[in-house]
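Novice: Below are the structure tokens for one structure; questions will follow.
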Amino acid sequence: MVVMTACGSTPATRPGASPGQSASPGKPGVLRVLAGSELADIEPLLGDLRAATGITVKPVYAGTLDATDRIIKHTADVDAAWLSSDRYLRLLPGGATAASARTPTMTSPVVLGVWTSLATRFGWTGTASVTWADVAAKVATGELTYAMTNPAASNSGFSALVGVAAALAGKSDALQASDIRTDALTSFFSGQTLTSGSSGWLADAFVNRPQDADGIINYESVLLSLQRSGRLREPLTIIYPKDGIITADYPMLLLDPARQDAYNRVVNWLRSPAVQQRLQADTNRRPAVPGVALDPRFTATALAELPFPATQAVADELLTSYFDHFRRPSHAIFVLDVSGSMAGQRLADLTSALTGLAGADTSLSGRFTRFRGREKVTLVTFNGAVVGARDFTVTATEASSPDLAAIRSYVASLHAEGGTAIYSALADAYRRAADSIAREPGYLTSIVLMTDGENNAGLSASQFRASYRGLPPAAQAVRTFCVIFGEARPDDLRSIATDTGGAAFDARASSLADVFKDIRGYQ
């Protein structure tokens, strides 16, 4: 079976327009669209779309599972959705009928990029015969590590998980629970040394720290963009495994049937030959319309499409097993501000966010962002100095488990008072990370720093950086994900994130709970 360049329903057509053709602008309007974060690269086209169709597309970005959850629960408050894939959505009760129209807009397979020097040593250049089993063999010998997004946060990671599971099972039809090869998948995912909740951030992290991974599993479009960027230390060899891949077809889904006309104008414009060519040139994605010439940068070889799970139960079992068994265990260190300014609602918000991660959040996204099996969780609290630190190990992930109950109980005991020693607390967290890595180097370790104010006690920023530079290389490789809250100084936190290879998340425009869930995609 080859990759489909168009699938699903053809958009309904306004009088005078035909599928794949741009029509004259009609009555101006706005189409609110729930979009996957990787579609931010489409924004430069939206002005031309508005000029051609009269429709202003207003994207609201969300992670894959969060968007799916909002669509199923009818809480999205949008007219349409534009995801990289809706395959998981269609497995859920009511998911197959959630949209009144579905139109693929472009395609991109999830593939593997490997530093060319290494691919040459493996004999993987100039050949189309490499399989996922070949990749797994190199991982098993310790010769290959790779970066991949979190499958609960990003479709590229989910597609990779499904594809590898199907390929290693040797399946030509829908994957069943009995087909999941736990030992083989555990071996394969032991090679993952970098994760993230975003395909774009993963690519940036891979480029900025090339020593962290030998390869990257991501959309073909992302890898081609990297090749064109001039940022790579050396070219990547893109591997299209012979035993198959999973392809994203970026369907636009109409959620409000009353917006059919606006939807038609948008998808007809996107599928017009000229725009399909522009999508290839600007976003490195393949056309979704038959007959549009394929850019020479894309391999013209027919790609085998791997089967997707037939039921939600199988997909959920894959996700759960990935976190609890397949991938390397994680060590999440939370550095939490409990200074006097956190008293009242702010501390309540922090408590609620952490309690959600400890099993209280039973939403679809909450189920897969909670603390996972084998995970070590360290909570470091600070005001004018480090107040305390508590270590937990999660052995059972049910909300009622003693491990998660212990985290919830500890969080409930927090109280706010005193000043704000951000850099002293962060230095303490890095010392703990260094000690933990020395004892158990196989963990994926990360730090989350949450503060609502500016540093007014303890170490200065320069003193922290001197301390950080004195750490062993493995500890310096630990990334800090900063949460901007309250009156925190954004520039200070962004600087910490940049210096440590992490990222900053702004909780002032959303809930603290949502930001903590987003960060879980990077742990």
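Identifiers in the structure tokens: chain A, B, ... in order shown; residue index from 1 per chain; ligand index from 1 in order shown.
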Considering only C-alpha atoms, give me a table of residues in region 3-117 of chain A that are at most 10 Å from region 140-157 of chain A, with the closest atom pair and distance in Å for each, as a tab-separated table.
Specialist:
```
residue	atom	partner	partner_atom	distance
A:Gly36	CA	A:Ser154	CA	8.5
A:Ser37	CA	A:Ser154	CA	8.7
A:Glu38	CA	A:Ser154	CA	8.9
A:Ala62	CA	A:Ala153	CA	9.2
A:Gly63	CA	A:Ala153	CA	5.5
A:Thr64	CA	A:Ser154	CA	5.6
A:Leu65	CA	A:Ala153	CA	6.3
A:Asp66	CA	A:Ala153	CA	8.0
A:Ala67	CA	A:Ala153	CA	10.0
A:Leu83	CA	A:Asn155	CA	8.8
A:Ser84	CA	A:Asn155	CA	6.8
A:Ser85	CA	A:Asn155	CA	7.0
A:Asp86	CA	A:Asn155	CA	9.3
A:Arg87	CA	A:Asn155	CA	9.7
A:Tyr88	CA	A:Asn155	CA	9.4
A:Ser108	CA	A:Ser156	CA	9.8
A:Pro109	CA	A:Ser156	CA	8.8
A:Val110	CA	A:Ser156	CA	6.2
A:Val111	CA	A:Ser156	CA	9.1
A:Leu112	CA	A:Tyr146	CA	8.8
A:Gly113	CA	A:Tyr146	CA	8.9
A:Val114	CA	A:Tyr146	CA	8.3
```
Novice: What parts of region 334-378 of chain A does DSSP call strand (DSSP E or B)? I'd like the answer as a list in words.
Specialist: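 Going through region 334-378 of chain A, the strand (DSSP E or B) residues come out as Phe334, Val335, Leu336, Asp337, Lys376, Val377 and Thr378 of chain A.
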Novice: At a cut-off of 10 Å, can you tabulate as a tab-separated table every residue of region 428-479 of chain A near region 182-206 of chain A together with its closest atom pair and the distance in Å to one decimal, using only C-alpha atoms and ordering rows by chain then number?
Specialist:
```
residue	atom	partner	partner_atom	distance
A:Gly442	CA	A:Ser190	CA	8.9
A:Tyr443	CA	A:Thr193	CA	9.2
A:Leu444	CA	A:Thr193	CA	7.1
```
Novice: Export, as a tab-separated table (two decimals), in the first residue's frame, the selected residues with C-alpha atoms.
Specialist:
```tsv
chain	number	residue	atom	x	y	z
A	442	GLY	CA	20.02	6.17	32.25
A	443	TYR	CA	17.29	8.63	33.26
A	444	LEU	CA	16.00	11.50	31.11
```
Novice: Please run DSSP on the backbone and report, as a ChimeraX atom specification, all residues within region 206-355 of chain A that come out as alpha helix (DSSP H).
Specialist: /A:206-208,220-229,260-270,273-283,312-321,345-355
Novice: Find the residues near region 378-395 of chain A: any atom within 10 Å, counting only C-alpha atoms, skip ones fewer than 5 places away on the same chain, and give them as a PyMOL selection string.
Specialist: chain A and resi 324+331-342+358+371-373+401-404+406-407+410-411+414-426+428-429+432-433+447-451+455-459
